[in-house]
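Below is one structure, written out as structure tokens, with a few remarks after it.
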Amino acid sequence: MVSTAGKTGGYTAKDISVLKGLEPVRRRPAMYIGGVDVRGLHHLIWEILDNSVDEAMNGYATTIEVVLDKDLKGIAITDNGRGIPVDTHPQSKRPALETILTTLHAGGKFGSDNYRHSGGLHGVGASVVNALSELLVARVKRDGFEYEQKFRRGKPRGPMQKLGPARGSGTSIYFRPDPEIFAKVQFEPSRIRDVLEARSFLHRGLTIQYRDRSSRTSESFKHDEGIKEFLRRLVAARGHKPTQDAIFYMESPDDPRMELALQWTDETGEYVRSYVNGVETSAGGTHELGLRAGVVRAVRGYVEDHDLQPRGVTISAEDIREGLSAILSVYILDPQFQGQTKERLNNPEVQAQVSGAAGAALERYFNSNPTVARAIVGRTVLAARARAASRAAAQEVTRKTAVSHRLNLPGKLADCESTRPHECELFIVEGDSAGGSAKQARDRKYQAILPLRGKVLNTEQAGFSKVVENKEISDIVSALGC
């Protein structure tokens with residue numbers, strides 16, 4: 001082995017790179033948007049959309065307009081919120097608009113004075129979009145005037161311009177992703193539409209207008225029933241029949257503010273969509289864990305209080321959640337997301353908060369609606385029985401398969417159910433009549449019966465070839481799995 005002690009190989013301080021401004025984003029885009037595939041491409045839209053939704057979430061905007069270019073390579077997102085500040089920032093000595101769009105970790109959401117709840121937390125969303133766009137145009141209306149500034153790959157193409165007088169207020173961001181970063185720049189209209197409609201479900205009273213110039217279509221989304229209507233739509237789209245028509249809905253104004261809609265269906269799995277401050281957490285997190293714990297606690301509590309536990313049936317948490325379809329939306333002052341893409345919530349305290357609120361509300365609902373509650377309990381019991389039967393069948397198949405890998409089991413063997421060799425017994429009896437009597441008297445869980453025909457070969461005197469050819473000896477060897 002060659003020692004490398006004392007050898008630097010020319011590795012010195014000058015080899016250390018210090019990336020400035022938005023250069024880290026262009027060098028390592030996956031760190032900020034999850035990748036440069038179609039998913040990362042659309043994540044740029046969600047970053048800008050979340051900023052507009054934050055304005056609506058905090059009561060400053062009522063309308064968001066999204067316009068997709070005819071070539072599917074550019075998009076504009078406009079809201080009627082307060083508008084990004086345009087006055088000079090005291091530290092950067094540049095307009096706040098330019099500072100926000102060209103500086104990582106610059107934004108108004110680190111404190112709770114301007115945004116009580118927010119999906120944008122790190123101050124990098126808009127600047128990341130700017131860095132990864134070949135063109136970005138920001139327009140702001142506020143204080144009676146309209147302002148504009150253009151950027152190319154994260155750098156200003158000139159100073160901010162004051163366009164003239166304007167009514168109202170709001171922000172408009174138009175951008176075209178950079179083909180130098182993305183292998184294919186082409187937005188998917190249907191994907192954008194689905195996300196926009198989901199946002200309108202989550203924020204009752206918010207109007208989202210969507211124009212797709214590639215197909216010359218336009219839609220307006222506004223859903224006053226919120227996530228309750230959203231759940232009904234998802235259940236129907238997934239093609240599963242609800243166990244009961246009623247949808248459980250709760251809204252808690254306490255911190256964390258929470259909305260929950262759930263319903264059981266004939267689906268064999270569970271389906272949960274969760275959101276934190278309007279951002280979908282596709283990988284779940286502590287709020288989803290809390291929801292599952294609260295649902296299980298409520299159902300188990302109702303079963304125990306009303307003595308609905310069937311004999312011989314063990315109900316597991318998995319049985320209770322089978323067929324559960326739910327939408328959970330929570331609003332947290334200081335959410336801790338896993339990464340910039342915000343796919344998972346990590347706040348540990350949220351699990352107990354959601355579990356307590358959801359569990360208590362569901363318990364009250366069950367007690368007020370016994371017909372619905374008993375239907376859910378009945379569905380849970382069926383799931384438990386089906387799971388037990390499936391498990392027993394799987395064990396039987398596993399046992400048969402494991403033995404048959406070596407030898408075929410003899411046809412007259414009455415096998416036992418257990419798959420643990422150390423607790424099983426094999427009884428060898430003479431003739432079918434003795435076999436029938438033994439089968440009636442045995443404990444089939446542990447005891448196996450093998451009837452043999454006539455007197456067994458005397459292996460002490462017979463040669464090895466005769467022993468191997470003997471039918472009765474072969475059956476014994478097969479039954480033992482030797």
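Ordering of the structure tokens sets the chain letters (A, B, ...); residue numbers start at 1 within each chain; ligands are numbered from 1 in the order shown.
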*Identify all residues of region 435-473 of chain A in strand (DSSP E or B) (DSSP on the backbone) and supply them as a PyMOL selection string.*
chain A and resi 447-452
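Of the residues listed (A:Val195, A:Val377, A:Leu136, A:Ala448), A:Val377 shows the shortest atom-to-atom separation from Gly323 (chain A); distances use only C-alpha atoms.
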*Write out as a PyMOL selection string the residues lying within 9 Å of Ala126 (chain A), counting only C-alpha atoms and excluding same-chain residues fewer than 3 positions away.*
chain A and resi 44+47-48+51+100-102+104+123+129-131
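Minimum atom-to-atom distance to Ala373 (chain A), evaluated using only C-alpha atoms, belongs to A:Val303 out of A:Val303, A:Leu333, A:Ala261, A:Val279.
Going from CA of Ser329 (chain A) to CA of Ala76 (chain A) covers 26.7 Å.
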*Nearest to Gly435 (chain A) by atom-to-atom distance, counting only C-alpha atoms, from A:Lys412, A:Leu202, A:Ser355, A:Gln447*: A:Lys412
*asked:* DSSP on the backbone: which residues in region 207-444 of chain A end up as alpha helix (DSSP H)? Give the answer as a ChimeraX atom specification.
replied: /A:227-238,286-305,317-321,348-368,370-404,431-441
*asked:* Using only C-alpha atoms, can you tell me which of A:Ser214, A:Gln338, A:Asn346, A:Ser433 comes closest to Gln186 (chain A)?
replied: A:Ser214
*asked:* Using only C-alpha atoms, which protein or nucleic acid residues come within 7 Å of Phe221 (chain A)? Drop anything in the same chain fewer than 5 positions from it, and give the result as number ranges by chain.
replied: A: 197, 200, 207-209
Skipping near chain neighbours, those fewer than 4 positions away, what residues fall within 8 Å of Glu270 (chain A) using only C-alpha atoms, listed as a compact mmCIF listing (two decimals) with C-alpha atoms, in the first residue's frame?
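Saved the output as around.txt:
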```txt
# COMPACT_ATOMS: atom_id res chain seq x y z
CA ARG A 321 -57.83 2.51 7.83
CA GLU A 322 -58.69 0.19 4.94
CA GLY A 323 -60.86 2.12 2.50
CA LEU A 324 -60.19 5.46 4.19
CA SER A 325 -60.14 8.43 1.78
```
*What is the CA of Lys466 (chain A) to CA of Ala414 (chain A) distance in Å?*
26.0 Å
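Distance annotation: of A:Tyr446, A:Tyr302, A:Phe337, A:Trp264, the residue with the minimal separation from His240 (chain A) is A:Trp264; atom set is only C-alpha atoms.
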*What is the CA of Lys228 (chain A) to CA of Tyr275 (chain A) distance in Å?*
14.2 Å
_List the spatial neighbours of Ala317 (chain A) as a list in words - criterion: any atom at most 10 Å away, only C-alpha atoms, same-chain residues fewer than 4 positions off excluded._
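Here the answer would be Arg292, Ala293, Val295, Val296, Arg297, Val299, Arg300, Arg321, Glu322, Thr380 and Ala384 of chain A.
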Those residues you just picked out, can you put them in a file as an mmCIF file, in the first residue's frame with N, CA, C and O atoms?
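Dumped everything to selection-v9.cif:
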```cif
data_model
loop_
_atom_site.group_PDB
_atom_site.id
_atom_site.type_symbol
_atom_site.label_atom_id
_atom_site.label_comp_id
_atom_site.auth_asym_id
_atom_site.auth_seq_id
_atom_site.Cartn_x
_atom_site.Cartn_y
_atom_site.Cartn_z
ATOM 1 N N ARG A 292 -53.835 9.571 10.996
ATOM 2 C CA ARG A 292 -54.041 8.128 11.076
ATOM 3 C C ARG A 292 -54.245 7.675 12.521
ATOM 4 O O ARG A 292 -55.116 6.850 12.811
ATOM 5 N N ALA A 293 -53.437 8.221 13.429
ATOM 6 C CA ALA A 293 -53.569 7.850 14.839
ATOM 7 C C ALA A 293 -54.920 8.284 15.392
ATOM 8 O O ALA A 293 -55.565 7.542 16.149
ATOM 9 N N VAL A 295 -57.797 8.753 13.743
ATOM 10 C CA VAL A 295 -58.867 7.930 13.160
ATOM 11 C C VAL A 295 -58.930 6.575 13.850
ATOM 12 O O VAL A 295 -60.012 6.097 14.225
ATOM 13 N N VAL A 296 -57.786 5.935 14.040
ATOM 14 C CA VAL A 296 -57.743 4.626 14.689
ATOM 15 C C VAL A 296 -58.268 4.719 16.120
ATOM 16 O O VAL A 296 -59.047 3.870 16.572
ATOM 17 N N ARG A 297 -57.861 5.759 16.830
ATOM 18 C CA ARG A 297 -58.308 5.918 18.216
ATOM 19 C C ARG A 297 -59.821 6.101 18.301
ATOM 20 O O ARG A 297 -60.490 5.528 19.160
ATOM 21 N N VAL A 299 -62.223 5.111 16.119
ATOM 22 C CA VAL A 299 -62.954 3.893 15.774
ATOM 23 C C VAL A 299 -62.828 2.862 16.894
ATOM 24 O O VAL A 299 -63.819 2.239 17.299
ATOM 25 N N ARG A 300 -61.617 2.686 17.422
ATOM 26 C CA ARG A 300 -61.432 1.721 18.511
ATOM 27 C C ARG A 300 -62.240 2.138 19.748
ATOM 28 O O ARG A 300 -62.823 1.292 20.432
ATOM 29 N N ARG A 321 -58.133 1.521 8.872
ATOM 30 C CA ARG A 321 -57.828 2.508 7.831
ATOM 31 C C ARG A 321 -58.090 1.994 6.427
ATOM 32 O O ARG A 321 -57.996 2.764 5.469
ATOM 33 N N GLU A 322 -58.415 0.714 6.281
ATOM 34 C CA GLU A 322 -58.693 0.186 4.942
ATOM 35 C C GLU A 322 -59.918 0.881 4.358
ATOM 36 O O GLU A 322 -60.975 0.942 4.982
ATOM 37 N N THR A 380 -64.884 -2.385 8.973
ATOM 38 C CA THR A 380 -63.610 -2.703 9.617
ATOM 39 C C THR A 380 -63.536 -4.169 10.008
ATOM 40 O O THR A 380 -62.501 -4.826 9.827
ATOM 41 N N ALA A 384 -60.920 -7.047 8.826
ATOM 42 C CA ALA A 384 -60.129 -7.860 9.750
ATOM 43 C C ALA A 384 -60.271 -9.340 9.439
ATOM 44 O O ALA A 384 -59.289 -10.100 9.441
#
```
Selection near region 147-153 of chain A, 10 Å with only C-alpha atoms, sequence-local residues under 2 positions removed, as a short mmCIF file (atom, residue, chain, number, x, y, z; two decimals) with all heavy atoms, in the first residue's frame:
```cif
data_model
loop_
_atom_site.label_atom_id
_atom_site.label_comp_id
_atom_site.auth_asym_id
_atom_site.auth_seq_id
_atom_site.Cartn_x
_atom_site.Cartn_y
_atom_site.Cartn_z
N LEU A 22 -26.92 33.86 -7.77
CA LEU A 22 -27.77 32.73 -8.14
C LEU A 22 -27.01 31.62 -8.85
O LEU A 22 -27.61 30.67 -9.35
CB LEU A 22 -28.91 33.22 -9.03
CG LEU A 22 -29.85 34.25 -8.39
CD1 LEU A 22 -30.93 34.66 -9.39
CD2 LEU A 22 -30.48 33.70 -7.12
N GLU A 23 -25.68 31.74 -8.88
CA GLU A 23 -24.87 30.74 -9.57
C GLU A 23 -25.05 29.34 -8.98
O GLU A 23 -25.08 28.35 -9.73
CB GLU A 23 -23.39 31.15 -9.53
CG GLU A 23 -22.52 30.34 -10.47
CD GLU A 23 -21.06 30.82 -10.48
OE1 GLU A 23 -20.76 31.81 -9.78
OE2 GLU A 23 -20.26 30.18 -11.18
N ARG A 26 -28.00 27.54 -10.68
CA ARG A 26 -27.77 27.09 -12.05
C ARG A 26 -26.79 25.91 -12.08
O ARG A 26 -26.89 25.06 -12.96
CB ARG A 26 -27.24 28.24 -12.91
CG ARG A 26 -28.27 29.33 -13.12
CD ARG A 26 -27.80 30.37 -14.15
NE ARG A 26 -27.57 29.80 -15.47
CZ ARG A 26 -28.53 29.58 -16.37
NH1 ARG A 26 -29.80 29.85 -16.07
NH2 ARG A 26 -28.23 29.09 -17.55
N VAL A 86 -41.48 47.85 -3.97
CA VAL A 86 -40.58 48.38 -5.01
C VAL A 86 -39.66 49.47 -4.47
O VAL A 86 -38.81 49.97 -5.21
CB VAL A 86 -41.40 48.95 -6.19
CG1 VAL A 86 -42.12 47.83 -6.93
CG2 VAL A 86 -42.38 50.01 -5.73
N LEU A 97 -37.97 44.67 -5.25
CA LEU A 97 -38.35 43.74 -6.31
C LEU A 97 -37.12 43.04 -6.87
O LEU A 97 -37.09 41.81 -7.01
CB LEU A 97 -39.10 44.49 -7.42
CG LEU A 97 -39.45 43.69 -8.67
CD1 LEU A 97 -40.40 42.55 -8.34
CD2 LEU A 97 -40.05 44.60 -9.74
N GLU A 98 -36.10 43.81 -7.21
CA GLU A 98 -34.87 43.23 -7.75
C GLU A 98 -34.15 42.38 -6.71
O GLU A 98 -33.62 41.31 -7.01
CB GLU A 98 -33.95 44.35 -8.25
CG GLU A 98 -32.64 43.84 -8.85
CD GLU A 98 -31.75 44.96 -9.35
OE1 GLU A 98 -32.29 46.01 -9.78
OE2 GLU A 98 -30.52 44.80 -9.30
N LEU A 101 -35.81 38.92 -6.36
CA LEU A 101 -35.67 38.06 -7.53
C LEU A 101 -34.23 37.69 -7.87
O LEU A 101 -34.00 36.85 -8.74
CB LEU A 101 -36.32 38.72 -8.75
CG LEU A 101 -37.86 38.80 -8.69
CD1 LEU A 101 -38.39 39.66 -9.83
CD2 LEU A 101 -38.48 37.40 -8.75
N THR A 102 -33.26 38.31 -7.22
CA THR A 102 -31.86 38.02 -7.55
C THR A 102 -31.04 37.57 -6.35
O THR A 102 -29.85 37.30 -6.49
CB THR A 102 -31.17 39.27 -8.15
OG1 THR A 102 -31.24 40.35 -7.20
CG2 THR A 102 -31.81 39.68 -9.46
N VAL A 128 -35.07 31.36 -7.43
CA VAL A 128 -34.71 30.12 -8.12
C VAL A 128 -35.36 30.08 -9.50
O VAL A 128 -34.73 29.71 -10.49
CB VAL A 128 -35.14 28.90 -7.28
CG1 VAL A 128 -35.13 27.62 -8.12
CG2 VAL A 128 -34.22 28.73 -6.08
N VAL A 129 -36.63 30.45 -9.58
CA VAL A 129 -37.32 30.50 -10.87
C VAL A 129 -36.61 31.48 -11.80
O VAL A 129 -36.41 31.19 -12.99
CB VAL A 129 -38.80 30.90 -10.69
CG1 VAL A 129 -39.48 31.06 -12.04
CG2 VAL A 129 -39.53 29.86 -9.85
N ASN A 130 -36.22 32.61 -11.27
CA ASN A 130 -35.51 33.62 -12.06
C ASN A 130 -34.19 33.06 -12.58
O ASN A 130 -33.84 33.23 -13.75
CB ASN A 130 -35.27 34.86 -11.21
CG ASN A 130 -34.79 36.05 -12.04
OD1 ASN A 130 -34.95 36.08 -13.26
ND2 ASN A 130 -34.21 37.03 -11.38
N ALA A 131 -33.44 32.36 -11.70
CA ALA A 131 -32.14 31.83 -12.09
C ALA A 131 -32.25 30.78 -13.19
O ALA A 131 -31.35 30.66 -14.03
CB ALA A 131 -31.45 31.21 -10.88
N LEU A 132 -33.36 30.04 -13.21
CA LEU A 132 -33.51 28.94 -14.16
C LEU A 132 -34.38 29.31 -15.36
O LEU A 132 -34.83 28.43 -16.10
CB LEU A 132 -34.11 27.72 -13.45
CG LEU A 132 -33.29 27.19 -12.26
CD1 LEU A 132 -33.99 26.01 -11.62
CD2 LEU A 132 -31.88 26.80 -12.70
N SER A 133 -34.59 30.61 -15.58
CA SER A 133 -35.40 31.08 -16.71
C SER A 133 -34.55 31.88 -17.68
O SER A 133 -33.72 32.69 -17.28
CB SER A 133 -36.55 31.97 -16.21
OG SER A 133 -37.42 31.23 -15.37
N GLU A 134 -34.79 31.62 -18.97
CA GLU A 134 -34.07 32.42 -19.96
C GLU A 134 -34.63 33.84 -20.03
O GLU A 134 -33.96 34.77 -20.45
CB GLU A 134 -34.14 31.76 -21.34
CG GLU A 134 -35.53 31.67 -21.95
CD GLU A 134 -35.50 31.16 -23.37
OE1 GLU A 134 -34.39 31.05 -23.92
OE2 GLU A 134 -36.58 30.89 -23.93
N LEU A 135 -35.89 34.00 -19.57
CA LEU A 135 -36.51 35.32 -19.51
C LEU A 135 -37.53 35.32 -18.38
O LEU A 135 -38.31 34.39 -18.23
CB LEU A 135 -37.21 35.65 -20.82
CG LEU A 135 -38.06 36.93 -20.83
CD1 LEU A 135 -37.17 38.17 -20.65
CD2 LEU A 135 -38.89 37.05 -22.09
N LEU A 136 -37.47 36.38 -17.56
CA LEU A 136 -38.48 36.58 -16.53
C LEU A 136 -38.83 38.06 -16.51
O LEU A 136 -37.94 38.92 -16.49
CB LEU A 136 -38.00 36.13 -15.15
CG LEU A 136 -39.05 36.20 -14.02
CD1 LEU A 136 -38.89 35.02 -13.06
CD2 LEU A 136 -38.95 37.52 -13.23
N VAL A 137 -40.12 38.34 -16.55
CA VAL A 137 -40.61 39.72 -16.52
C VAL A 137 -41.52 39.87 -15.31
O VAL A 137 -42.52 39.14 -15.18
CB VAL A 137 -41.38 40.08 -17.80
CG1 VAL A 137 -41.86 41.52 -17.73
CG2 VAL A 137 -40.50 39.85 -19.03
N ALA A 138 -41.16 40.78 -14.43
CA ALA A 138 -41.96 41.03 -13.23
C ALA A 138 -42.65 42.39 -13.35
O ALA A 138 -41.99 43.40 -13.65
CB ALA A 138 -41.07 41.01 -11.99
N ARG A 139 -43.97 42.39 -13.13
CA ARG A 139 -44.73 43.63 -13.12
C ARG A 139 -45.46 43.75 -11.80
O ARG A 139 -46.04 42.78 -11.32
CB ARG A 139 -45.74 43.66 -14.27
CG ARG A 139 -45.11 43.94 -15.62
CD ARG A 139 -46.17 44.31 -16.64
NE ARG A 139 -45.58 44.76 -17.89
CZ ARG A 139 -46.26 45.35 -18.87
NH1 ARG A 139 -47.56 45.57 -18.73
NH2 ARG A 139 -45.66 45.74 -19.97
N VAL A 140 -45.41 44.95 -11.23
CA VAL A 140 -46.01 45.20 -9.92
C VAL A 140 -46.87 46.44 -9.99
O VAL A 140 -46.45 47.48 -10.54
CB VAL A 140 -44.92 45.37 -8.83
CG1 VAL A 140 -45.57 45.75 -7.50
CG2 VAL A 140 -44.10 44.10 -8.69
N LYS A 141 -48.09 46.34 -9.46
CA LYS A 141 -48.95 47.50 -9.31
C LYS A 141 -49.16 47.77 -7.82
O LYS A 141 -49.64 46.90 -7.10
CB LYS A 141 -50.31 47.27 -9.99
CG LYS A 141 -50.24 47.22 -11.50
CD LYS A 141 -51.62 47.30 -12.13
CE LYS A 141 -52.42 46.04 -11.89
NZ LYS A 141 -53.72 46.08 -12.62
N ARG A 142 -48.77 48.97 -7.40
CA ARG A 142 -49.01 49.37 -6.02
C ARG A 142 -48.78 50.87 -5.88
O ARG A 142 -48.05 51.48 -6.69
CB ARG A 142 -48.13 48.59 -5.03
CG ARG A 142 -46.64 48.73 -5.22
CD ARG A 142 -45.90 47.93 -4.15
NE ARG A 142 -46.11 48.49 -2.82
CZ ARG A 142 -46.05 47.80 -1.69
NH1 ARG A 142 -45.79 46.50 -1.72
NH2 ARG A 142 -46.22 48.39 -0.52
N PHE A 145 -49.17 53.19 -9.05
CA PHE A 145 -48.31 53.12 -10.25
C PHE A 145 -48.01 51.65 -10.58
O PHE A 145 -48.16 50.75 -9.76
CB PHE A 145 -47.00 53.86 -10.01
CG PHE A 145 -47.15 55.35 -9.91
CD1 PHE A 145 -47.33 55.96 -8.68
CD2 PHE A 145 -47.14 56.14 -11.06
CE1 PHE A 145 -47.48 57.34 -8.58
CE2 PHE A 145 -47.29 57.52 -10.97
CZ PHE A 145 -47.47 58.12 -9.73
N LYS A 155 -30.20 37.47 -14.04
CA LYS A 155 -29.53 38.78 -13.98
C LYS A 155 -30.42 39.85 -14.59
O LYS A 155 -31.05 39.62 -15.63
CB LYS A 155 -28.19 38.72 -14.72
CG LYS A 155 -27.21 37.75 -14.09
CD LYS A 155 -25.89 37.70 -14.88
CE LYS A 155 -24.92 36.72 -14.23
NZ LYS A 155 -23.64 36.65 -14.98
N PRO A 156 -30.48 41.04 -13.96
CA PRO A 156 -31.32 42.12 -14.50
C PRO A 156 -30.86 42.55 -15.89
O PRO A 156 -29.66 42.67 -16.15
CB PRO A 156 -31.13 43.25 -13.48
CG PRO A 156 -30.61 42.59 -12.25
CD PRO A 156 -29.81 41.42 -12.71
N ARG A 157 -31.82 42.78 -16.77
CA ARG A 157 -31.49 43.29 -18.11
C ARG A 157 -31.51 44.81 -18.13
O ARG A 157 -31.25 45.43 -19.15
CB ARG A 157 -32.49 42.74 -19.12
CG ARG A 157 -32.46 41.23 -19.25
CD ARG A 157 -33.41 40.72 -20.31
NE ARG A 157 -33.06 41.18 -21.65
CZ ARG A 157 -33.74 40.88 -22.75
NH1 ARG A 157 -34.83 40.12 -22.65
NH2 ARG A 157 -33.37 41.32 -23.92
N GLY A 158 -31.78 45.38 -16.99
CA GLY A 158 -31.83 46.82 -16.86
C GLY A 158 -32.46 47.17 -15.53
O GLY A 158 -32.96 46.30 -14.81
N PRO A 159 -32.48 48.44 -15.17
CA PRO A 159 -33.08 48.84 -13.91
C PRO A 159 -34.61 48.71 -13.94
O PRO A 159 -35.22 48.61 -15.01
CB PRO A 159 -32.65 50.29 -13.76
CG PRO A 159 -32.44 50.76 -15.16
CD PRO A 159 -31.92 49.58 -15.91
N MET A 160 -35.23 48.73 -12.79
CA MET A 160 -36.68 48.71 -12.69
C MET A 160 -37.26 49.97 -13.32
O MET A 160 -36.76 51.07 -13.09
CB MET A 160 -37.10 48.60 -11.22
CG MET A 160 -38.61 48.49 -11.01
SD MET A 160 -39.04 48.45 -9.25
CE MET A 160 -38.65 50.15 -8.78
N GLN A 161 -38.32 49.79 -14.13
CA GLN A 161 -38.94 50.91 -14.82
C GLN A 161 -40.29 51.25 -14.19
O GLN A 161 -41.06 50.36 -13.82
CB GLN A 161 -39.15 50.57 -16.30
CG GLN A 161 -37.88 50.20 -17.04
CD GLN A 161 -36.95 51.40 -17.21
OE1 GLN A 161 -37.39 52.54 -17.38
NE2 GLN A 161 -35.65 51.14 -17.16
N LYS A 162 -40.56 52.54 -14.09
CA LYS A 162 -41.86 53.01 -13.64
C LYS A 162 -42.70 53.29 -14.88
O LYS A 162 -42.45 54.24 -15.61
CB LYS A 162 -41.70 54.27 -12.79
CG LYS A 162 -42.97 54.72 -12.10
CD LYS A 162 -42.66 55.90 -11.16
CE LYS A 162 -43.88 56.32 -10.37
NZ LYS A 162 -43.58 57.44 -9.44
N LEU A 163 -43.71 52.42 -15.12
CA LEU A 163 -44.46 52.49 -16.38
C LEU A 163 -45.48 53.62 -16.40
O LEU A 163 -45.81 54.15 -17.46
CB LEU A 163 -45.15 51.15 -16.66
CG LEU A 163 -44.22 49.93 -16.78
CD1 LEU A 163 -45.04 48.69 -17.08
CD2 LEU A 163 -43.15 50.15 -17.85
N GLY A 164 -46.04 53.93 -15.25
CA GLY A 164 -47.05 54.99 -15.22
C GLY A 164 -48.14 54.68 -14.22
O GLY A 164 -48.10 53.67 -13.50
N PRO A 165 -49.17 55.53 -14.17
CA PRO A 165 -50.27 55.34 -13.21
C PRO A 165 -51.02 54.03 -13.47
O PRO A 165 -51.13 53.58 -14.60
CB PRO A 165 -51.17 56.56 -13.45
CG PRO A 165 -50.30 57.56 -14.13
CD PRO A 165 -49.33 56.76 -14.95
N ALA A 166 -51.54 53.44 -12.39
CA ALA A 166 -52.29 52.19 -12.51
C ALA A 166 -53.27 52.06 -11.36
O ALA A 166 -53.02 52.56 -10.25
CB ALA A 166 -51.34 50.99 -12.53
N THR A 171 -49.27 41.55 -8.34
CA THR A 171 -47.99 41.14 -8.92
C THR A 171 -48.23 40.21 -10.09
O THR A 171 -49.10 39.35 -10.03
CB THR A 171 -47.13 40.41 -7.87
OG1 THR A 171 -46.90 41.27 -6.75
CG2 THR A 171 -45.79 40.00 -8.46
N SER A 172 -47.46 40.39 -11.15
CA SER A 172 -47.52 39.50 -12.30
C SER A 172 -46.10 39.03 -12.63
O SER A 172 -45.19 39.85 -12.77
CB SER A 172 -48.11 40.22 -13.52
OG SER A 172 -48.08 39.37 -14.66
N ILE A 173 -45.92 37.71 -12.68
CA ILE A 173 -44.62 37.13 -13.03
C ILE A 173 -44.79 36.30 -14.30
O ILE A 173 -45.58 35.35 -14.33
CB ILE A 173 -44.06 36.22 -11.91
CG1 ILE A 173 -43.91 37.01 -10.60
CG2 ILE A 173 -42.74 35.59 -12.33
CD1 ILE A 173 -42.80 38.06 -10.63
N TYR A 174 -44.05 36.66 -15.34
CA TYR A 174 -44.02 35.88 -16.58
C TYR A 174 -42.61 35.31 -16.74
O TYR A 174 -41.62 36.03 -16.58
CB TYR A 174 -44.36 36.74 -17.79
CG TYR A 174 -44.13 36.03 -19.11
CD1 TYR A 174 -45.07 35.14 -19.61
CD2 TYR A 174 -42.96 36.23 -19.84
CE1 TYR A 174 -44.87 34.47 -20.80
CE2 TYR A 174 -42.74 35.56 -21.04
CZ TYR A 174 -43.70 34.68 -21.51
OH TYR A 174 -43.48 34.00 -22.69
N PHE A 175 -42.52 34.02 -17.04
CA PHE A 175 -41.18 33.44 -17.22
C PHE A 175 -41.21 32.33 -18.26
O PHE A 175 -42.24 31.69 -18.50
CB PHE A 175 -40.62 32.92 -15.90
CG PHE A 175 -41.34 31.71 -15.35
CD1 PHE A 175 -40.90 30.42 -15.61
CD2 PHE A 175 -42.45 31.86 -14.53
CE1 PHE A 175 -41.55 29.30 -15.10
CE2 PHE A 175 -43.11 30.76 -14.01
CZ PHE A 175 -42.66 29.48 -14.29
N ARG A 176 -40.04 32.13 -18.86
CA ARG A 176 -39.81 31.03 -19.81
C ARG A 176 -38.59 30.26 -19.32
O ARG A 176 -37.49 30.83 -19.27
CB ARG A 176 -39.57 31.57 -21.22
CG ARG A 176 -40.78 32.26 -21.83
CD ARG A 176 -40.48 32.86 -23.20
NE ARG A 176 -40.26 31.85 -24.22
CZ ARG A 176 -41.23 31.28 -24.93
NH1 ARG A 176 -42.50 31.61 -24.73
NH2 ARG A 176 -40.96 30.38 -25.85
N PRO A 177 -38.76 28.99 -18.92
CA PRO A 177 -37.63 28.21 -18.42
C PRO A 177 -36.49 28.12 -19.43
O PRO A 177 -36.70 28.14 -20.64
CB PRO A 177 -38.24 26.83 -18.15
CG PRO A 177 -39.69 27.11 -17.92
CD PRO A 177 -40.02 28.25 -18.84
N ASP A 178 -35.27 28.00 -18.90
CA ASP A 178 -34.06 28.02 -19.72
C ASP A 178 -33.79 26.65 -20.35
O ASP A 178 -33.60 25.66 -19.64
CB ASP A 178 -32.88 28.42 -18.83
CG ASP A 178 -31.63 28.74 -19.63
OD1 ASP A 178 -31.64 28.49 -20.85
OD2 ASP A 178 -30.66 29.23 -19.05
N GLU A 180 -31.16 25.67 -21.56
CA GLU A 180 -29.81 25.24 -21.19
C GLU A 180 -29.84 24.38 -19.93
O GLU A 180 -28.91 23.60 -19.67
CB GLU A 180 -28.90 26.45 -20.96
CG GLU A 180 -28.57 27.24 -22.22
CD GLU A 180 -27.61 28.38 -21.94
OE1 GLU A 180 -27.18 28.51 -20.75
OE2 GLU A 180 -27.29 29.13 -22.87
#
```
